[in-house]
$ cat target-v7.cif   # mmCIF, C-alpha atoms
data_model
#
loop_
_atom_site.label_atom_id
_atom_site.label_comp_id
_atom_site.auth_asym_id
_atom_site.auth_seq_id
_atom_site.Cartn_x
_atom_site.Cartn_y
_atom_site.Cartn_z
CA MET A 1 147.14 110.90 133.24
CA TYR A 2 149.24 112.30 136.08
CA ARG A 3 152.38 112.02 133.94
CA ILE A 4 150.74 113.98 131.12
CA LEU A 5 149.65 116.80 133.44
CA LEU A 6 153.10 116.93 135.04
CA LEU A 7 154.94 117.16 131.73
CA GLY A 8 152.52 119.77 130.42
CA LEU A 9 152.88 121.87 133.57
CA SER A 10 156.67 121.65 133.39
CA ALA A 11 156.66 122.87 129.81
CA LEU A 12 154.36 125.78 130.66
CA ILE A 13 156.62 126.79 133.54
CA PHE A 14 159.74 126.85 131.38
CA TYR A 15 158.24 128.32 128.22
CA PRO A 16 157.46 131.86 129.48
CA ALA A 17 161.04 132.25 130.78
CA PHE A 18 162.34 131.52 127.29
CA THR A 19 160.03 133.92 125.48
CA GLN A 20 160.62 136.81 127.87
CA THR A 21 164.41 136.65 128.29
CA GLY A 22 165.47 135.14 124.97
CA LYS A 23 167.44 132.49 126.88
CA LEU A 24 166.95 128.77 126.66
CA SER A 25 167.95 126.30 129.37
CA MET A 26 168.58 122.59 129.01
CA ASP A 27 165.82 121.73 131.50
CA SER A 28 163.27 123.70 129.48
CA CYS A 29 164.40 121.83 126.35
CA TYR A 30 163.85 118.51 128.13
CA ALA A 31 160.32 119.54 129.17
CA MET A 32 159.26 120.97 125.80
CA ALA A 33 160.76 118.05 123.86
CA LYS A 34 158.81 115.56 125.98
CA ARG A 35 155.61 117.56 125.58
CA ASN A 36 156.06 117.74 121.81
CA TYR A 37 157.15 114.12 121.23
CA PRO A 38 154.31 112.24 119.43
CA LEU A 39 154.74 109.15 121.62
CA LEU A 40 153.50 111.13 124.62
CA LYS A 41 149.97 110.95 123.23
CA GLN A 42 149.96 107.22 123.95
CA TYR A 43 149.65 107.96 127.66
CA ALA A 44 146.07 109.12 127.14
CA LEU A 45 145.26 106.05 125.04
CA ILE A 46 146.72 103.69 127.64
CA GLU A 47 144.76 105.44 130.39
CA LYS A 48 141.50 105.19 128.43
CA SER A 49 142.10 101.51 127.66
CA ARG A 50 142.87 100.90 131.33
CA GLU A 51 139.63 102.60 132.43
CA TYR A 52 137.48 100.62 129.98
CA SER A 53 139.15 97.33 130.90
CA LEU A 54 138.70 97.97 134.64
CA GLU A 55 135.06 98.86 134.05
CA ASN A 56 134.49 95.61 132.15
CA ALA A 57 136.27 93.57 134.83
CA ALA A 58 134.15 95.16 137.57
CA LYS A 59 131.01 94.00 135.77
CA GLY A 60 132.06 90.45 136.57
CA THR A 61 130.60 90.99 140.07
CA LEU A 62 127.17 91.98 138.72
CA PRO A 63 124.32 89.47 138.53
CA GLN A 64 124.58 87.38 135.38
CA LEU A 65 121.40 87.17 133.26
CA ASN A 66 120.75 84.25 130.95
CA LEU A 67 117.81 83.69 128.58
CA ALA A 68 117.28 80.25 127.06
CA GLY A 69 114.63 78.15 125.37
CA GLN A 70 114.30 74.76 123.78
CA GLY A 71 111.79 72.53 122.06
CA THR A 72 112.37 68.79 121.98
CA TYR A 73 110.78 65.61 120.73
CA GLN A 74 111.74 62.40 122.46
CA SER A 75 111.17 58.79 121.59
CA GLU A 76 109.78 57.86 124.98
CA VAL A 77 108.39 59.49 128.10
CA THR A 78 108.02 58.38 131.69
CA ARG A 79 104.89 56.31 132.34
CA ILE A 80 103.43 54.98 135.56
CA PRO A 81 102.96 51.21 134.99
CA ILE A 82 99.80 50.82 137.06
CA SER A 83 96.10 51.09 136.34
CA LEU A 84 93.54 52.04 138.93
CA PRO A 85 89.77 51.99 138.53
CA ASN A 86 88.10 55.35 138.12
CA LEU A 87 91.52 57.03 137.95
CA GLU A 88 93.22 58.26 134.81
CA ILE A 89 96.92 58.86 135.12
CA PRO A 90 98.06 61.46 132.54
CA THR A 91 100.81 60.66 130.11
CA LEU A 92 103.38 63.26 129.09
CA SER A 93 103.64 64.37 125.48
CA LYS A 94 106.70 63.37 123.56
CA ASP A 95 107.06 66.98 122.36
CA GLN A 96 108.19 69.22 125.22
CA TYR A 97 108.96 72.95 125.40
CA LYS A 98 110.74 75.24 127.77
CA LEU A 99 111.46 79.00 127.82
CA TYR A 100 113.18 80.44 130.90
CA ALA A 101 115.32 83.25 132.32
CA GLU A 102 117.96 82.81 135.00
CA VAL A 103 119.66 85.37 137.22
CA ALA A 104 122.85 84.22 138.96
CA GLN A 105 124.90 86.19 141.47
CA PRO A 106 128.56 85.01 141.57
CA ILE A 107 130.07 84.68 145.04
CA THR A 108 133.58 83.23 144.69
CA ASP A 109 134.20 85.10 141.37
CA LEU A 110 134.93 88.20 143.44
CA PHE A 111 138.49 86.87 143.96
CA THR A 112 138.96 86.35 140.23
CA VAL A 113 137.68 89.85 139.44
CA LYS A 114 140.06 91.33 142.03
CA TYR A 115 143.12 89.78 140.39
CA GLN A 116 141.84 90.64 136.90
CA LYS A 117 141.77 94.29 137.95
CA GLU A 118 145.30 94.02 139.35
CA LEU A 119 146.48 92.47 136.10
CA ILE A 120 144.88 95.25 134.04
CA LYS A 121 146.62 97.88 136.18
CA SER A 122 149.94 96.04 135.96
CA ASN A 123 149.73 95.75 132.16
CA ALA A 124 148.87 99.45 131.88
CA GLU A 125 151.87 100.29 134.07
CA VAL A 126 154.12 98.17 131.85
CA GLU A 127 152.95 100.02 128.74
CA SER A 128 153.42 103.38 130.46
CA GLN A 129 156.95 102.46 131.52
CA LYS A 130 157.78 101.45 127.93
CA ILE A 131 156.87 104.99 126.90
CA GLU A 132 159.01 106.37 129.75
CA VAL A 133 161.96 104.39 128.40
CA GLU A 134 161.48 105.86 124.92
CA LEU A 135 160.98 109.40 126.24
CA PHE A 136 164.16 109.07 128.30
CA LYS A 137 166.15 108.58 125.11
CA ILE A 138 165.18 112.13 124.10
CA LYS A 139 167.56 113.47 126.77
CA GLU A 140 170.55 111.98 124.97
CA ARG A 141 169.57 113.67 121.70
CA ILE A 142 168.87 116.99 123.42
CA ASN A 143 172.29 116.77 125.11
CA GLN A 144 174.03 116.37 121.75
CA LEU A 145 172.20 119.30 120.13
CA PHE A 146 172.39 121.61 123.14
CA PHE A 147 176.09 121.09 123.80
CA GLY A 148 176.80 121.20 120.07
CA ILE A 149 175.38 124.75 119.98
CA ILE A 150 177.29 125.76 123.12
CA LEU A 151 180.54 124.49 121.64
CA VAL A 152 179.92 126.37 118.37
CA ASP A 153 179.18 129.57 120.32
CA ALA A 154 182.45 129.22 122.24
CA GLN A 155 184.36 128.62 119.00
CA ILE A 156 182.78 131.70 117.42
CA GLN A 157 183.83 133.81 120.44
CA GLN A 158 187.37 132.47 120.26
CA THR A 159 187.55 133.13 116.53
CA GLU A 160 186.41 136.72 117.14
CA LEU A 161 189.29 137.11 119.60
CA LEU A 162 191.63 135.68 116.98
CA LYS A 163 190.38 138.26 114.50
CA LYS A 164 191.21 141.04 116.95
CA ASP A 165 194.76 139.73 117.34
CA ILE A 166 195.13 139.50 113.55
CA GLN A 167 193.76 143.01 113.12
CA LEU A 168 196.23 144.24 115.74
CA GLY A 169 199.02 142.56 113.78
CA ILE A 170 197.79 144.25 110.59
CA ASP A 171 197.84 147.65 112.30
CA LYS A 172 201.37 147.10 113.61
CA THR A 173 202.60 145.83 110.26
CA ASN A 174 201.09 148.85 108.47
CA ALA A 175 202.95 151.06 110.92
CA ALA A 176 206.15 149.14 110.23
CA ILE A 177 205.62 149.49 106.48
CA ALA A 178 205.14 153.23 106.92
CA ASN A 179 208.42 153.35 108.84
CA GLY A 180 210.16 151.33 106.17
CA THR A 181 210.92 148.39 108.45
CA ALA A 182 208.53 145.90 106.78
CA LEU A 183 207.47 144.92 103.29
CA LYS A 184 203.95 145.42 101.97
CA SER A 185 203.64 141.67 101.32
CA SER A 186 203.84 141.11 105.07
CA VAL A 187 200.46 142.71 105.67
CA ASN A 188 198.88 140.68 102.87
CA ALA A 189 199.63 137.44 104.71
CA LEU A 190 197.82 138.81 107.80
CA LYS A 191 194.87 139.96 105.70
CA ALA A 192 194.62 136.46 104.23
CA GLU A 193 194.49 135.02 107.77
CA LEU A 194 191.75 137.51 108.66
CA LEU A 195 189.71 136.32 105.67
CA LYS A 196 190.24 132.71 106.75
CA ALA A 197 188.98 133.60 110.23
CA ASN A 198 185.88 135.22 108.67
CA GLN A 199 185.29 132.06 106.64
CA ARG A 200 185.53 129.97 109.80
CA ILE A 201 182.88 132.14 111.48
CA ILE A 202 180.61 131.67 108.45
CA GLU A 203 181.05 127.88 108.72
CA LEU A 204 180.44 127.93 112.48
CA LYS A 205 177.28 130.02 112.14
CA ALA A 206 175.95 127.65 109.48
CA ALA A 207 176.62 124.70 111.79
CA ARG A 208 174.90 126.56 114.65
CA LYS A 209 171.82 127.17 112.51
CA GLY A 210 171.68 123.48 111.63
CA TYR A 211 171.77 122.54 115.32
CA LEU A 212 169.12 125.18 116.12
CA ASP A 213 166.81 123.91 113.38
CA MET A 214 166.98 120.37 114.75
CA LEU A 215 166.46 121.59 118.31
CA SER A 216 163.48 123.66 117.12
CA LEU A 217 161.84 120.52 115.75
CA PHE A 218 162.36 118.69 119.04
CA ILE A 219 160.92 121.41 121.28
CA HIS A 220 158.34 122.69 118.74
CA GLN A 221 159.53 126.28 119.14
CA GLN A 222 160.98 128.49 116.44
CA LEU A 223 164.52 129.48 117.50
CA ASP A 224 166.17 132.39 115.72
CA ASP A 225 169.89 133.05 115.44
CA ASN A 226 169.81 135.45 118.39
CA VAL A 227 168.66 132.91 120.97
CA VAL A 228 171.12 132.45 123.83
CA LEU A 229 171.62 129.05 125.39
CA GLU A 230 172.30 129.02 129.11
CA LYS A 231 175.45 127.08 129.85
CA PRO A 232 174.48 124.19 132.16
CA ALA A 233 175.96 124.11 135.63
CA VAL A 234 178.77 121.72 136.46
CA LEU A 235 177.39 118.47 137.89
CA SER A 236 178.47 116.24 140.73
CA VAL A 237 178.03 112.87 139.08
CA SER A 238 176.37 110.01 140.93
CA SER A 239 177.06 106.33 140.20
CA SER A 240 173.64 105.12 141.41
CA ILE A 241 171.45 103.81 138.60
CA ASN A 242 167.90 105.14 138.41
CA ARG A 243 166.91 104.40 134.83
CA PRO A 244 163.25 103.94 133.73
CA GLU A 245 164.23 100.53 132.35
CA LEU A 246 164.55 99.28 135.93
CA ARG A 247 161.01 100.42 136.70
CA LEU A 248 159.86 98.65 133.54
CA TYR A 249 161.45 95.38 134.68
CA SER A 250 159.81 95.75 138.10
CA ALA A 251 156.40 96.37 136.51
CA GLN A 252 156.80 93.28 134.33
CA GLN A 253 157.70 91.16 137.36
CA ARG A 254 154.59 92.40 139.19
CA THR A 255 152.49 91.38 136.19
CA PHE A 256 153.76 87.80 136.41
CA GLU A 257 153.04 87.72 140.14
CA VAL A 258 149.44 88.78 139.54
CA GLN A 259 149.06 86.21 136.75
CA ASN A 260 150.20 83.53 139.19
CA LYS A 261 147.49 84.58 141.67
CA LEU A 262 144.93 84.60 138.87
CA ILE A 263 145.76 80.98 137.96
CA ALA A 264 145.03 79.90 141.54
CA ALA A 265 141.79 81.93 141.68
CA ARG A 266 140.47 80.46 138.42
CA ASN A 267 140.87 76.91 139.71
CA LEU A 268 138.90 77.46 142.93
CA PRO A 269 135.35 76.06 143.32
CA ARG A 270 132.82 78.57 142.05
CA ALA A 271 129.63 79.21 143.99
CA SER A 272 126.71 81.41 143.01
CA LEU A 273 123.13 82.18 144.00
CA PHE A 274 120.59 81.72 141.24
CA LEU A 275 116.91 82.24 140.48
CA GLN A 276 115.32 80.69 137.41
CA GLY A 277 111.81 81.37 136.17
CA GLY A 278 110.13 80.10 133.03
CA TYR A 279 107.23 78.76 131.06
CA GLY A 280 107.08 75.27 129.67
CA LYS A 281 105.35 71.98 129.02
CA PRO A 282 105.73 70.24 131.34
CA ALA A 283 106.74 72.63 134.12
CA LEU A 284 108.00 71.35 137.46
CA ASN A 285 104.96 69.13 137.91
CA VAL A 286 105.68 66.23 135.56
CA LEU A 287 102.14 64.95 135.96
CA ASN A 288 100.72 68.08 134.41
CA ASN A 289 100.96 67.74 130.65
CA ALA A 290 100.16 71.43 129.97
CA PHE A 291 101.99 74.70 129.63
CA ASP A 292 102.60 76.30 133.01
CA LEU A 293 104.78 78.90 134.77
CA TYR A 294 107.48 77.83 137.20
CA TYR A 295 110.46 79.13 139.19
CA ILE A 296 113.35 77.60 141.09
CA GLY A 297 116.18 79.17 143.11
CA GLY A 298 119.07 78.15 145.32
CA LEU A 299 122.84 77.84 145.66
CA ARG A 300 124.94 76.40 142.84
CA LEU A 301 128.45 74.97 143.21
CA ASN A 302 130.69 74.30 140.25
CA TRP A 303 134.30 73.11 140.28
CA ASN A 304 136.05 72.65 136.96
CA LEU A 305 138.96 70.33 137.78
CA SER A 306 140.32 70.36 134.23
CA GLY A 307 142.08 73.64 135.02
CA TYR A 308 144.54 71.70 137.16
CA TYR A 309 145.74 69.85 134.07
CA THR A 310 147.58 72.96 132.84
CA ALA A 311 148.02 75.01 136.03
CA LYS A 312 151.40 73.49 136.87
CA ASN A 313 152.84 74.18 133.42
CA GLU A 314 151.33 77.68 133.38
CA ARG A 315 153.17 78.46 136.62
CA LYS A 316 156.39 77.07 135.15
CA ILE A 317 155.97 79.31 132.10
CA LEU A 318 155.46 82.32 134.36
CA SER A 319 158.56 81.36 136.33
CA ILE A 320 160.58 81.12 133.10
CA ASN A 321 159.32 84.52 131.98
CA GLN A 322 160.28 85.99 135.36
CA ASP A 323 163.76 84.52 134.98
CA ILE A 324 164.01 86.03 131.47
CA ILE A 325 163.10 89.47 132.81
CA GLY A 326 165.59 88.99 135.65
CA LEU A 327 168.35 88.17 133.14
CA GLN A 328 167.40 91.17 130.99
CA GLN A 329 167.66 93.39 134.06
CA GLU A 330 170.99 91.84 135.02
CA THR A 331 172.32 92.37 131.49
CA PHE A 332 171.06 95.95 131.44
CA LEU A 333 172.77 96.74 134.77
CA PHE A 334 175.99 95.09 133.56
CA ASN A 335 176.08 97.13 130.34
CA THR A 336 175.08 100.33 132.13
CA ASN A 337 177.80 99.91 134.76
CA LEU A 338 180.28 99.19 131.97
CA ASN A 339 179.27 102.40 130.19
CA LEU A 340 179.54 104.35 133.44
CA LYS A 341 183.08 103.07 134.01
CA GLN A 342 184.06 104.07 130.47
CA GLN A 343 182.47 107.50 130.89
CA ASN A 344 184.15 107.94 134.26
CA ALA A 345 187.51 107.24 132.61
CA GLU A 346 186.61 109.83 129.96
CA LEU A 347 185.83 112.37 132.70
CA SER A 348 189.23 111.81 134.33
CA LYS A 349 191.00 112.12 130.98
CA LEU A 350 189.27 115.41 130.13
CA GLN A 351 190.07 116.88 133.55
CA GLU A 352 193.76 116.10 133.03
CA LEU A 353 193.67 117.55 129.50
CA ILE A 354 192.09 120.78 130.75
CA ALA A 355 194.82 121.20 133.36
CA SER A 356 197.42 120.67 130.65
CA ASP A 357 195.59 123.04 128.25
CA SER A 358 195.86 125.90 130.73
CA GLU A 359 199.65 125.54 130.92
CA ILE A 360 199.95 125.32 127.14
CA ILE A 361 197.87 128.48 126.68
CA GLN A 362 200.04 130.44 129.11
CA LEU A 363 203.16 129.46 127.18
CA ARG A 364 201.61 130.11 123.75
CA GLU A 365 200.23 133.47 124.90
CA SER A 366 203.65 134.52 126.22
CA ILE A 367 205.30 133.60 122.92
CA LYS A 368 202.62 135.46 120.93
CA ASN A 369 202.90 138.61 123.04
CA THR A 370 206.67 138.62 122.57
CA ALA A 371 206.23 138.22 118.82
CA LYS A 372 203.65 141.03 118.85
CA ASN A 373 206.17 143.42 120.40
CA GLN A 374 208.91 142.30 118.01
CA LEU A 375 206.57 142.92 115.10
CA ASP A 376 206.78 146.67 115.86
CA PHE A 377 210.55 146.61 115.26
CA GLY A 378 210.52 144.21 112.35
CA THR A 379 212.56 141.57 114.19
CA VAL A 380 209.92 138.93 113.33
CA THR A 381 208.04 138.50 110.11
CA SER A 382 204.27 138.50 109.76
CA ASN A 383 204.44 134.79 108.92
CA ASP A 384 206.19 134.13 112.21
CA TYR A 385 203.52 136.14 114.04
CA ILE A 386 200.76 134.18 112.25
CA THR A 387 202.39 130.90 113.28
CA TYR A 388 202.52 131.95 116.94
CA LEU A 389 199.01 133.36 116.74
CA ASN A 390 197.58 130.15 115.27
CA ALA A 391 199.40 128.06 117.86
CA GLU A 392 197.81 130.10 120.66
CA ASP A 393 194.40 129.89 118.97
CA GLN A 394 194.67 126.12 118.63
CA ALA A 395 195.56 125.85 122.30
CA LYS A 396 192.56 127.97 123.29
CA GLN A 397 190.29 126.07 120.92
CA GLY A 398 191.55 122.84 122.51
CA LEU A 399 190.70 124.17 125.98
CA LEU A 400 187.22 125.22 124.88
CA LEU A 401 186.62 121.85 123.27
CA HIS A 402 187.77 119.94 126.33
CA GLN A 403 185.73 122.12 128.70
CA ILE A 404 182.53 121.60 126.71
CA GLN A 405 183.35 117.92 126.29
CA LEU A 406 183.81 117.60 130.06
CA LEU A 407 180.49 119.29 130.74
CA MET A 408 178.75 117.15 128.14
CA ALA A 409 180.41 114.02 129.55
CA GLN A 410 179.07 114.90 133.00
CA TYR A 411 175.52 115.26 131.67
CA ASN A 412 175.86 112.09 129.58
CA TYR A 413 177.05 110.28 132.72
CA GLN A 414 174.00 111.49 134.61
CA THR A 415 171.77 110.53 131.69
CA THR A 416 173.30 107.05 131.52
CA SER A 417 172.80 106.58 135.28
CA GLY A 418 169.28 108.07 135.10
CA ASN A 419 169.88 110.76 137.74
#

$ encode --input "target-v7.cif" --output "structure tokens"
Amino acid sequence: MYRILLLGLSALIFYPAFTQTGKLSMDSCYAMAKRNYPLLKQYALIEKSREYSLENAAKGTLPQLNLAGQGTYQSEVTRIPISLPNLEIPTLSKDQYKLYAEVAQPITDLFTVKYQKELIKSNAEVESQKIEVELFKIKERINQLFFGIILVDAQIQQTELLKKDIQLGIDKTNAAIANGTALKSSVNALKAELLKANQRIIELKAARKGYLDMLSLFIHQQLDDNVVLEKPAVLSVSSSINRPELRLYSAQQRTFEVQNKLIAARNLPRASLFLQGGYGKPALNVLNNAFDLYYIGGLRLNWNLSGYYTAKNERKILSINQDIIGLQQETFLFNTNLNLKQQNAELSKLQELIASDSEIIQLRESIKNTAKNQLDFGTVTSNDYITYLNAEDQAKQGLLLHQIQLLMAQYNYQTTSGN
């Protein structure tokens, strides 16, 4: 129940900031996606089941009430084989009846009830952690959508800058045509490039809308085309692993430990106080062959030794299950560390590419600016200018791509490590 309240509160904190400013952060997406995910509703069901099970287990300490009755006919009854003068010794009837109620208060069952409660709590924690594992996977999908939109926005901005450079080339070429230093066909090539840039923006906006629609479904908020996504801050990645799967493995191990205690508690001698009262023929006085009331009370001890037949194997099964969980955890840590090493190599590669991209852009920009000046005097053709312009644009697009990829790789690294 605490998890549900926490997630709901987080979503309420983030949601007003989005509606007032028109900006959407990644953290708010995480919170709203978790709140909206249908699996979250299972928390309430698990909590209710846990409460009912604990309530039932606690009733094991209450006095146990038993009602019973029987009527029998037997082939022989006890007789006193003596005869005394002037004394008639009664003989019991062969048909006998008994109706009684018994109240028993368990004493040693308190230990069993204690471990039953612990087992119920442990099982509920296991189920809750399974949901945590599934909810954690949402972060990976939010990362892909969120960074996909950021990358598209950056590409749209870069394409708008490209359009400005093309338009500047068109203006210069028109001036050259007016001066008789360029042919009219030269400006047509630039206009064609401008149309291509407009087409690219149309494609990018369509892709952005597709990402927004999917993100809207995840966070259960309608996002229009004007929404602005806040670019996440650069992270300092941590190699420590704090995934919910590890907490799930720990919860499962605790369950086996409690089950082991429960096996020992079930095989202990069981003592209880009891009081039995009834009505029967005969009652406690076997010499009275008539219906009569009776009661009896005391301390009862019961020790079922047959439980020891299977206790040893039950403990071995628990030990095997613990080993299986231990191997699953070891395998999970191995694969996670392997993924982290691969992602760390990807981070290093992207950092080197970004450093190289900056140098390439400087060179491409210098070449383009030179061609732009030469375009005024007709010493380069519009096709040459387009070639230099596209080369610079590709270099800038490459830098944008690598920067977003680096940021996404950092968040994926943190997601993989669970930090």

$ closest_residue --input "target-v7.cif" --among "A:Asn123, A:Gln394, A:Gln129, A:Thr91" --to "Leu246 (chain A)" --atoms "only C-alpha atoms"
A:Gln129

$ residues_around --input "target-v7.cif" --residues "region 64-76 of chain A" --least-positions-apart "3" --cutoff "12 Å" --atoms "all atoms listed in the file" --output "NGL selection string"
:A and (59-61 or 79 or 91-107 or 109 or 272-282)

$ residues_around --input "target-v7.cif" --residues "Phe218 (chain A)" --least-positions-apart "5" --cutoff "9 Å" --atoms "only C-alpha atoms" --output "ChimeraX atom specification"
/A:29,32-34,36-37,138,142,213

$ resolve_selection --input "target-v7.cif" --expression "the PyMOL selection byres ((chain A and resi 416) around 10)" --output "PDB file with C-alpha atoms, in the frame of the given file"
ATOM      1  CA  PHE A 136     164.160 109.070 128.300  1.00  0.00           C
ATOM      2  CA  LYS A 137     166.150 108.580 125.110  1.00  0.00           C
ATOM      3  CA  LYS A 139     167.560 113.470 126.770  1.00  0.00           C
ATOM      4  CA  GLU A 140     170.550 111.980 124.970  1.00  0.00           C
ATOM      5  CA  SER A 239     177.060 106.330 140.200  1.00  0.00           C
ATOM      6  CA  ILE A 241     171.450 103.810 138.600  1.00  0.00           C
ATOM      7  CA  ASN A 242     167.900 105.140 138.410  1.00  0.00           C
ATOM      8  CA  ARG A 243     166.910 104.400 134.830  1.00  0.00           C
ATOM      9  CA  THR A 336     175.080 100.330 132.130  1.00  0.00           C
ATOM     10  CA  ASN A 337     177.800  99.910 134.760  1.00  0.00           C
ATOM     11  CA  ASN A 339     179.270 102.400 130.190  1.00  0.00           C
ATOM     12  CA  LEU A 340     179.540 104.350 133.440  1.00  0.00           C
ATOM     13  CA  GLN A 343     182.470 107.500 130.890  1.00  0.00           C
ATOM     14  CA  GLN A 410     179.070 114.900 133.000  1.00  0.00           C
ATOM     15  CA  TYR A 411     175.520 115.260 131.670  1.00  0.00           C
ATOM     16  CA  ASN A 412     175.860 112.090 129.580  1.00  0.00           C
ATOM     17  CA  TYR A 413     177.050 110.280 132.720  1.00  0.00           C
ATOM     18  CA  GLN A 414     174.000 111.490 134.610  1.00  0.00           C
ATOM     19  CA  THR A 415     171.770 110.530 131.690  1.00  0.00           C
ATOM     20  CA  SER A 417     172.800 106.580 135.280  1.00  0.00           C
ATOM     21  CA  GLY A 418     169.280 108.070 135.100  1.00  0.00           C
ATOM     22  CA  ASN A 419     169.880 110.760 137.740  1.00  0.00           C
TER      23      ASN A 419
END

$ atom_distance --input "target-v7.cif" --atom1 "CA of Lys164 (chain A)" --atom2 "CA of Ser356 (chain A)"
25.3 Å

$ build_atoms --input "target-v7.cif" --residues "region 231-246 of chain A" --atoms "N, CA, C and O atoms" --output "mmCIF file, in the coordinates of the input"
data_model
loop_
_atom_site.group_PDB
_atom_site.id
_atom_site.type_symbol
_atom_site.label_atom_id
_atom_site.label_comp_id
_atom_site.auth_asym_id
_atom_site.auth_seq_id
_atom_site.Cartn_x
_atom_site.Cartn_y
_atom_site.Cartn_z
ATOM 1 N N LYS A 231 174.482 128.154 129.645
ATOM 2 C CA LYS A 231 175.450 127.080 129.850
ATOM 3 C C LYS A 231 175.079 126.293 131.100
ATOM 4 O O LYS A 231 174.921 126.862 132.176
ATOM 5 N N PRO A 232 174.882 124.986 130.991
ATOM 6 C CA PRO A 232 174.480 124.190 132.160
ATOM 7 C C PRO A 232 175.534 124.247 133.268
ATOM 8 O O PRO A 232 176.728 124.410 133.009
ATOM 9 N N ALA A 233 175.057 124.111 134.491
ATOM 10 C CA ALA A 233 175.960 124.110 135.630
ATOM 11 C C ALA A 233 176.760 122.817 135.680
ATOM 12 O O ALA A 233 176.331 121.777 135.174
ATOM 13 N N VAL A 234 177.930 122.900 136.282
ATOM 14 C CA VAL A 234 178.770 121.720 136.460
ATOM 15 C C VAL A 234 178.072 120.758 137.427
ATOM 16 O O VAL A 234 177.510 121.164 138.441
ATOM 17 N N LEU A 235 178.088 119.466 137.099
ATOM 18 C CA LEU A 235 177.390 118.470 137.890
ATOM 19 C C LEU A 235 178.339 117.694 138.792
ATOM 20 O O LEU A 235 179.514 117.527 138.473
ATOM 21 N N SER A 236 177.793 117.232 139.903
ATOM 22 C CA SER A 236 178.470 116.240 140.730
ATOM 23 C C SER A 236 177.862 114.900 140.375
ATOM 24 O O SER A 236 176.715 114.614 140.733
ATOM 25 N N VAL A 237 178.594 114.099 139.630
ATOM 26 C CA VAL A 237 178.030 112.870 139.080
ATOM 27 C C VAL A 237 177.786 111.851 140.187
ATOM 28 O O VAL A 237 178.485 111.810 141.204
ATOM 29 N N SER A 238 176.733 111.060 139.986
ATOM 30 C CA SER A 238 176.370 110.010 140.930
ATOM 31 C C SER A 238 176.381 108.675 140.199
ATOM 32 O O SER A 238 175.888 108.567 139.071
ATOM 33 N N SER A 239 176.933 107.648 140.831
ATOM 34 C CA SER A 239 177.060 106.330 140.200
ATOM 35 C C SER A 239 175.834 105.456 140.403
ATOM 36 O O SER A 239 175.750 104.359 139.846
ATOM 37 N N SER A 240 174.863 105.917 141.210
ATOM 38 C CA SER A 240 173.640 105.120 141.410
ATOM 39 C C SER A 240 172.821 105.112 140.131
ATOM 40 O O SER A 240 172.751 106.109 139.409
ATOM 41 N N ILE A 241 172.207 103.975 139.839
ATOM 42 C CA ILE A 241 171.450 103.810 138.600
ATOM 43 C C ILE A 241 169.961 103.941 138.894
ATOM 44 O O ILE A 241 169.415 103.222 139.729
ATOM 45 N N ASN A 242 169.327 104.879 138.190
ATOM 46 C CA ASN A 242 167.900 105.140 138.410
ATOM 47 C C ASN A 242 167.189 105.280 137.070
ATOM 48 O O ASN A 242 166.421 106.208 136.840
ATOM 49 N N ARG A 243 167.456 104.329 136.183
ATOM 50 C CA ARG A 243 166.910 104.400 134.830
ATOM 51 C C ARG A 243 165.459 103.905 134.796
ATOM 52 O O ARG A 243 165.063 103.030 135.573
ATOM 53 N N PRO A 244 164.641 104.418 133.858
ATOM 54 C CA PRO A 244 163.250 103.940 133.730
ATOM 55 C C PRO A 244 163.172 102.472 133.320
ATOM 56 O O PRO A 244 162.148 101.825 133.552
ATOM 57 N N GLU A 245 164.245 101.948 132.708
ATOM 58 C CA GLU A 245 164.230 100.530 132.350
ATOM 59 C C GLU A 245 164.071 99.645 133.587
ATOM 60 O O GLU A 245 163.408 98.595 133.533
ATOM 61 N N LEU A 246 164.666 100.064 134.704
ATOM 62 C CA LEU A 246 164.550 99.280 135.930
ATOM 63 C C LEU A 246 163.105 99.254 136.425
ATOM 64 O O LEU A 246 162.617 98.226 136.908
#
